[in-house]
>>> print(open('start_39.txt').read())   # compact mmCIF, C-alpha atoms
# COMPACT_ATOMS: atom_id res chain seq x y z
CA MET V 110 0.00 0.00 0.00
CA ASP V 111 1.21 3.48 -0.83
CA ILE V 112 2.61 5.22 2.27
CA ASP V 113 0.42 8.27 1.74
CA ARG V 114 -2.67 6.07 1.46
CA PHE V 115 -1.72 4.26 4.67
CA TRP V 116 -1.38 7.49 6.62
CA GLN V 117 -4.59 8.79 5.10
CA LEU V 118 -6.44 5.84 6.64
CA ILE V 119 -4.75 6.44 10.00
CA ASP V 120 -5.70 10.12 9.86
CA GLN V 121 -9.31 9.25 9.01
CA ALA V 122 -9.45 6.86 11.97
CA ARG V 123 -7.94 9.46 14.27
CA ALA V 124 -10.48 12.05 13.13
CA ALA V 125 -13.34 9.62 13.75
CA ALA V 126 -11.95 8.80 17.21
CA GLY V 127 -11.91 12.48 18.13
CA PRO V 128 -10.01 13.75 21.17
CA GLN V 129 -9.45 10.20 22.43
CA ALA V 130 -6.95 9.67 19.61
CA ASP V 131 -4.48 11.84 21.50
CA GLN V 132 -5.25 10.55 24.98
CA ALA V 133 -3.36 7.89 26.88
CA VAL V 134 -4.77 4.40 27.23
CA ARG V 135 -6.18 3.13 30.50
CA ASP V 136 -6.60 -0.61 31.03
CA VAL V 137 -9.97 -0.20 32.73
CA ASP V 138 -10.53 -3.89 33.45
CA LEU V 139 -7.22 -4.24 35.25
CA LEU V 140 -7.65 -0.98 37.10
CA ASP V 141 -11.11 -1.91 38.33
CA ALA V 142 -10.12 -5.47 39.20
CA GLU V 143 -7.18 -4.35 41.28
CA GLY V 144 -8.89 -1.44 42.99
CA LEU V 145 -6.97 1.13 40.96
CA ASP V 146 -10.00 3.07 39.82
CA GLY V 147 -9.05 6.37 41.40
CA GLU V 148 -11.09 5.99 44.57
CA GLY V 149 -9.84 6.09 48.12
CA GLY V 150 -7.04 8.61 47.80
CA VAL V 151 -4.37 6.06 46.96
CA ASP V 152 -1.26 7.80 45.67
CA ASP V 153 0.57 7.05 42.44
CA ASP V 154 3.33 5.10 44.16
CA GLU V 155 0.85 2.68 45.70
CA ARG V 156 -1.12 2.34 42.47
CA ILE V 157 1.92 1.31 40.48
CA GLN V 158 2.99 -1.10 43.23
CA ALA V 159 -0.47 -2.70 43.10
CA LEU V 160 -0.06 -3.09 39.33
CA ILE V 161 3.30 -4.81 39.88
CA ASP V 162 1.74 -7.08 42.50
CA ALA V 163 -1.09 -8.06 40.16
CA ALA V 164 1.38 -8.84 37.38
CA TRP V 165 3.58 -10.84 39.74
CA GLU V 166 0.64 -12.96 40.90
CA GLU V 167 -0.22 -13.75 37.29
CA PHE V 168 3.39 -14.65 36.49
CA THR V 169 3.62 -16.93 39.54
CA ARG V 170 0.39 -18.72 38.59
CA GLU V 171 1.56 -19.29 35.02
CA ARG V 172 5.02 -20.43 36.09
CA GLU V 173 3.60 -22.93 38.58
CA ALA V 174 1.24 -24.22 35.90
CA GLY V 175 4.18 -24.75 33.57
CA GLU V 176 2.89 -22.24 31.05
CA LEU V 177 6.10 -20.18 31.02
CA THR V 178 9.35 -21.56 29.70
CA THR V 179 11.46 -18.43 29.25
CA VAL V 180 13.39 -17.16 32.26
CA THR V 181 13.75 -13.43 32.73
CA ASP V 182 17.03 -11.62 33.05
CA ASP V 183 17.60 -8.29 34.77
CA ARG V 184 17.47 -6.34 31.52
CA GLU V 185 14.29 -7.44 29.79
CA LEU V 186 11.73 -9.00 32.17
CA VAL V 187 10.84 -11.26 29.26
CA ASP V 188 7.68 -13.42 29.46
CA THR V 189 6.99 -12.59 33.08
CA GLY V 190 3.65 -10.89 32.66
CA LEU V 191 5.24 -7.77 34.11
CA VAL V 192 5.92 -6.43 30.64
CA ASP V 193 2.41 -6.38 29.18
CA THR V 194 -0.37 -4.03 30.10
CA ASP V 195 -3.13 -6.60 29.89
CA LEU V 196 -1.17 -9.69 31.01
CA VAL V 197 -1.84 -11.66 27.81
CA ASP V 198 0.55 -12.61 25.03
CA ASP V 199 0.28 -11.38 21.50
CA GLU V 200 -0.67 -14.76 20.03
CA GLY V 201 -3.70 -15.14 22.28
CA ALA V 202 -4.97 -11.64 21.73
CA ALA V 203 -6.31 -12.19 18.22
CA GLU V 204 -8.05 -15.42 19.26
CA ASP V 205 -9.56 -14.29 22.56
CA ASP V 206 -10.57 -10.71 21.80
CA GLU V 207 -11.74 -10.65 18.19
CA ASP V 208 -15.07 -9.17 19.27
CA ASP V 209 -13.56 -6.94 21.93
CA LEU V 210 -11.97 -3.99 20.19
CA THR V 211 -12.23 -1.17 22.70
CA ASP V 212 -9.60 1.29 21.51
CA PRO V 213 -11.33 4.21 19.73
CA VAL V 214 -8.69 4.50 17.02
CA ALA V 215 -8.81 0.76 16.36
CA ILE V 216 -12.61 0.78 16.21
CA ALA V 217 -12.59 3.64 13.70
CA LEU V 218 -9.86 1.95 11.68
CA PHE V 219 -11.86 -1.30 11.65
CA ASP V 220 -14.82 0.56 10.16
CA LEU V 221 -12.57 1.81 7.36
CA LEU V 222 -10.79 -1.48 6.68
CA VAL V 223 -13.95 -3.58 6.34
CA GLN V 224 -14.80 -1.47 3.30
CA LEU V 225 -11.69 -2.84 1.55
CA PRO V 226 -11.11 -6.21 -0.15
CA ALA V 227 -9.12 -8.79 1.79
CA ALA V 228 -5.96 -8.28 -0.25
CA GLU V 229 -5.96 -4.55 0.43
CA ILE V 230 -6.46 -5.16 4.17
CA ALA V 231 -3.37 -7.39 4.02
CA ASP V 232 -1.51 -4.72 2.09
CA PHE V 233 -2.40 -2.21 4.80
CA ASP V 234 -1.06 -4.52 7.50
CA ASN V 235 2.17 -5.24 5.64
CA THR V 236 2.75 -1.50 5.28
CA PHE V 237 1.91 -1.08 8.96
CA GLU V 238 4.59 -3.63 9.89
CA ASP V 239 7.17 -1.87 7.71
CA ILE V 240 6.37 1.51 9.24
CA ARG V 241 6.47 0.19 12.81
CA ALA V 242 9.89 -1.29 12.07
CA GLN V 243 11.23 2.24 11.60
CA ALA V 244 10.68 2.80 15.33
CA ASP V 245 12.60 -0.33 16.32
CA THR V 246 15.70 1.49 17.59
CA PRO V 247 17.70 1.36 20.83
CA GLU V 248 16.71 4.94 21.66
CA MET V 249 13.03 4.09 21.23
CA VAL V 250 13.41 1.02 23.46
CA VAL V 251 14.62 3.18 26.33
CA ALA V 252 12.04 5.88 25.61
CA ALA V 253 9.30 3.25 25.73
CA THR V 254 10.66 1.84 28.99
CA LEU V 255 10.50 5.29 30.56
CA ILE V 256 7.00 6.09 29.31
CA GLU V 257 5.51 2.65 30.05
CA HIS V 258 6.31 2.80 33.77
CA GLY V 259 9.61 0.89 33.57
CA PHE V 260 8.13 -2.27 32.01
CA LEU V 261 8.99 -3.39 28.47
CA GLY V 262 9.03 -6.75 26.72
CA ASP V 263 8.70 -7.87 23.12
CA ALA V 264 4.89 -7.77 23.11
CA SER V 265 4.60 -4.48 24.96
CA PHE V 266 7.18 -2.87 22.64
CA ASP V 267 5.01 -4.01 19.73
CA ASP V 268 2.03 -2.35 21.43
CA PHE V 269 4.04 0.81 22.05
CA ARG V 270 5.08 1.17 18.41
CA ALA V 271 1.50 0.51 17.30
CA GLY V 272 0.47 3.32 19.65
CA LEU V 273 3.06 5.58 18.03
CA VAL V 274 1.55 4.93 14.59
CA ALA V 275 -1.91 5.70 15.99
CA LEU V 276 -0.65 9.16 17.01
CA GLY V 277 -0.38 10.09 13.32
CA ARG V 278 2.34 10.63 10.77
CA ALA V 279 3.83 13.87 12.08
CA THR V 280 4.22 12.57 15.63
CA PHE V 281 5.51 9.18 14.47
CA GLU V 282 8.12 10.57 12.11
CA ALA V 283 9.28 13.13 14.67
CA ALA V 284 9.62 10.37 17.28
CA VAL V 285 11.62 8.15 14.92
CA ALA V 286 13.99 11.06 14.27
CA ASN V 287 14.17 11.96 17.97
CA PRO V 288 12.32 9.82 20.54
CA ASP V 289 12.73 12.58 23.13
CA SER V 290 10.26 14.66 21.09
CA LEU V 291 7.50 12.49 22.57
CA ALA V 292 7.82 14.55 25.75
CA ASP V 293 5.84 17.25 23.92
CA HIS V 294 2.84 15.06 23.09
CA PRO V 295 -0.35 15.50 25.16
CA ALA V 296 -0.75 11.75 25.74
CA VAL V 297 2.78 11.47 27.13
CA LYS V 298 2.25 14.49 29.36
CA GLU V 299 -1.00 12.89 30.54
CA ILE V 300 0.82 9.66 31.47
CA ALA V 301 3.38 11.64 33.44
CA ALA V 302 0.77 13.64 35.35
CA ALA V 303 -1.96 11.01 35.87
CA PRO V 304 -2.55 9.54 39.34
CA ASP V 305 -3.10 6.07 37.83
CA PRO V 306 -1.21 3.90 35.31
CA ARG V 307 -1.82 4.96 31.71
CA TRP V 308 -0.08 3.82 28.55
CA LEU V 309 0.92 4.89 25.07
CA GLY V 310 0.76 1.35 23.68
CA ARG V 311 -2.39 0.39 21.77
CA GLU V 312 -2.62 -3.38 21.42
CA ASP V 313 -5.93 -3.28 19.54
CA VAL V 314 -4.27 -1.42 16.67
CA LEU V 315 -1.91 -4.38 16.16
CA PHE V 316 -4.78 -6.76 15.48
CA VAL V 317 -7.44 -4.59 13.87
CA ALA V 318 -6.53 -5.70 10.34
CA SER V 319 -7.01 -9.35 11.29
CA TYR V 320 -10.45 -8.55 12.72
CA ALA V 321 -11.39 -6.67 9.55
CA TYR V 322 -10.18 -9.60 7.44
CA ALA V 323 -12.32 -12.00 9.49
CA ALA V 324 -15.35 -9.75 9.06
CA VAL V 325 -14.85 -9.50 5.29
CA THR V 326 -13.98 -13.14 4.58
CA GLY V 327 -15.60 -15.12 7.39
CA GLU V 328 -12.21 -16.72 8.04
CA ASP V 329 -10.58 -17.16 11.43
CA PRO V 330 -8.60 -13.95 12.15
CA VAL V 331 -5.54 -16.02 13.04
CA ARG V 332 -5.30 -17.10 9.39
CA PHE V 333 -4.92 -13.48 8.34
CA PHE V 334 -1.24 -13.23 9.17
CA ASP V 335 -0.21 -16.10 6.88
CA PHE V 336 -2.42 -14.60 4.18
CA ALA V 337 -0.81 -11.17 4.57
CA GLU V 338 2.68 -12.67 4.51
CA SER V 339 1.87 -14.57 1.31
CA LEU V 340 1.10 -11.27 -0.43
CA ARG V 341 4.34 -9.55 0.52
CA GLU V 342 6.40 -8.52 -2.49
CA ALA V 343 9.56 -8.11 -0.43
CA PRO V 344 10.84 -9.35 2.94
CA PRO V 345 9.50 -7.34 5.88
CA ALA V 346 11.55 -4.32 6.82
CA GLY V 347 13.51 -4.54 10.03
CA PRO V 348 16.58 -3.27 11.84
CA ALA V 349 19.95 -4.81 11.13
CA GLU V 350 20.26 -5.83 14.79
CA ASP V 351 17.92 -6.45 17.70
CA ALA V 352 17.18 -2.98 19.03
CA ARG V 353 16.28 -4.23 22.49
CA ALA V 354 19.59 -6.10 22.72
CA GLN V 355 21.45 -2.98 21.58
CA ALA V 356 19.69 -0.57 23.94
CA TRP V 357 21.63 0.77 26.88
CA ASP V 358 20.48 -0.03 30.41
CA VAL V 359 17.81 2.42 31.54
CA PHE V 360 19.47 2.36 34.98
CA ASP V 361 22.47 4.11 33.41
CA GLU V 362 21.13 7.42 34.60
CA ALA V 363 23.83 9.62 33.10
CA GLN V 364 23.39 8.16 29.62
CA THR V 365 19.59 8.06 29.82
CA ARG V 366 19.35 11.68 30.93
CA ALA V 367 21.90 12.80 28.34
CA ARG V 368 20.19 11.07 25.41
CA LEU V 369 16.55 11.48 26.48
CA PRO V 370 16.62 14.57 28.71
CA ARG V 371 12.96 15.64 28.50
CA LEU V 372 11.51 12.15 28.87
CA SER V 373 13.91 11.54 31.76
CA GLU V 374 12.68 14.68 33.47
CA LEU V 375 9.11 13.38 33.22
CA PHE V 376 9.63 9.70 33.97
CA TYR V 377 13.10 8.65 35.13
CA GLU V 378 12.58 8.52 38.89
CA ARG V 379 9.20 6.79 38.78
CA SER V 380 9.97 4.31 36.01
CA THR V 381 13.31 3.15 37.36
CA ARG V 382 11.79 2.82 40.83
CA ASN V 383 9.00 0.65 39.44
CA ARG V 384 11.43 -1.45 37.44
CA ARG V 385 13.76 -1.92 40.39
CA ARG V 386 10.88 -3.05 42.60
CA ALA V 387 9.76 -5.56 39.98
CA LEU V 388 13.27 -6.96 39.71
CA GLU V 389 13.46 -7.26 43.49
CA ARG V 390 10.23 -9.25 43.47
CA LEU V 391 11.61 -11.55 40.79
CA GLY V 392 14.80 -12.19 42.73
CA PRO V 393 18.02 -13.52 41.17
CA THR V 394 17.78 -15.29 37.82
CA PRO V 395 18.00 -19.11 38.27
>>> encode(input="start_39.txt", output="structure tokens")
Amino acid sequence: MDIDRFWQLIDQARAAAGPQADQAVRDVDLLDAEGLDGEGGVDDDERIQALIDAAWEEFTREREAGELTTVTDDRELVDTGLVDTDLVDDEGAAEDDEDDLTDPVAIALFDLLVQLPAAEIADFDNTFEDIRAQADTPEMVVAATLIEHGFLGDASFDDFRAGLVALGRATFEAAVANPDSLADHPAVKEIAAAPDPRWLGREDVLFVASYAYAAVTGEDPVRFFDFAESLREAPPAGPAEDARAQAWDVFDEAQTRARLPRLSELFYERSTRNRRRALERLGPTP
């Protein structure tokens, strides 16, 4: 799909979503379930700690059930449940939530995509993957870790970059050129100021094309990704090296503040505190 056509669809979805397109995401189900709904005068520190506790309980349950096979290290918190805002993996999301799009940008985008033939929906998603790959950089990894409360894994970094695309072309391209520019965006300022956990990542946007494909074809949405890959004319774009492996440690305060000064001013103390607490709960790597 032509890049301009892709961004035109994103802009149309953003316009249909209205002001919510530039607001941070709240995981309402998790907040309500864990008593983080803003009642009772609980401060931000306690809210984030409750979020960590909820994630840790889920990780412990899955580990004891033998559902987790990857062991975390002190850099990535991989596959612990602490890295994802909704505590589900990206493979299960398309299967479990196909009728549960709640993100306003994703809902508006779905309404646009179902008007297209299946091949064009796939073309949209292939272009989406190529554009998201532009944000797969070490600087963006650390920026995302700061903004997303100190937690970042493979799936949540996918969500974060999908959220960047949903902010529109100008914001996305500025962030790719300089991730610290995100400090100027209203959604990022909202996350920094909010008394409860809010996020830039938009998981629904990752899967909206598969839902549209299912609606148009009657096929299982999981089959969409093989279909889209079969229509690629070139290998998917991607960085030469793993950006998360190349990123510097967010705990390197001097480097983080030097390279991302405005985001560090907004988030460094809170996000590194949250991350350190999570690592303390995990204990030493076996």
>>> closest_residue(input="start_39.txt", among="V:Phe233, V:Leu261, V:Ala122, V:Ala253", to="Ala318 in chain V", atoms="all atoms listed in the file")
V:Phe233
>>> residues_around(input="start_39.txt", residues="Glu257 in chain V", least_positions_apart="4", cutoff="12 Å", atoms="all atoms listed in the file", output="ChimeraX atom specification")
/V:133-135,157,191-194,249-253,261-262,265-266,268-270,272,296-297,300-301,306-311,372,375-377,379-381,383-384
>>> closest_residue(input="start_39.txt", among="V:Ala352, V:Val214, V:Leu221, V:Leu276", to="Ala242 in chain V", atoms="only C-alpha atoms")
V:Ala352
>>> atom_distance(input="start_39.txt", atom1="CA of Leu291 in chain V", atom2="CA of Asp220 in chain V")
28.2 Å
>>> closest_residue(input="start_39.txt", among="V:Ser339, V:Gln117, V:Thr254, V:Thr211", to="Trp357 in chain V", atoms="all atoms listed in the file")
V:Thr254
>>> atom_distance(input="start_39.txt", atom1="CA of Asp263 in chain V", atom2="CA of Asp351 in chain V")
10.8 Å
>>> closest_residue(input="start_39.txt", among="V:Thr326, V:Asp131, V:Asp289, V:Ala284", to="Pro226 in chain V", atoms="only C-alpha atoms")
V:Thr326
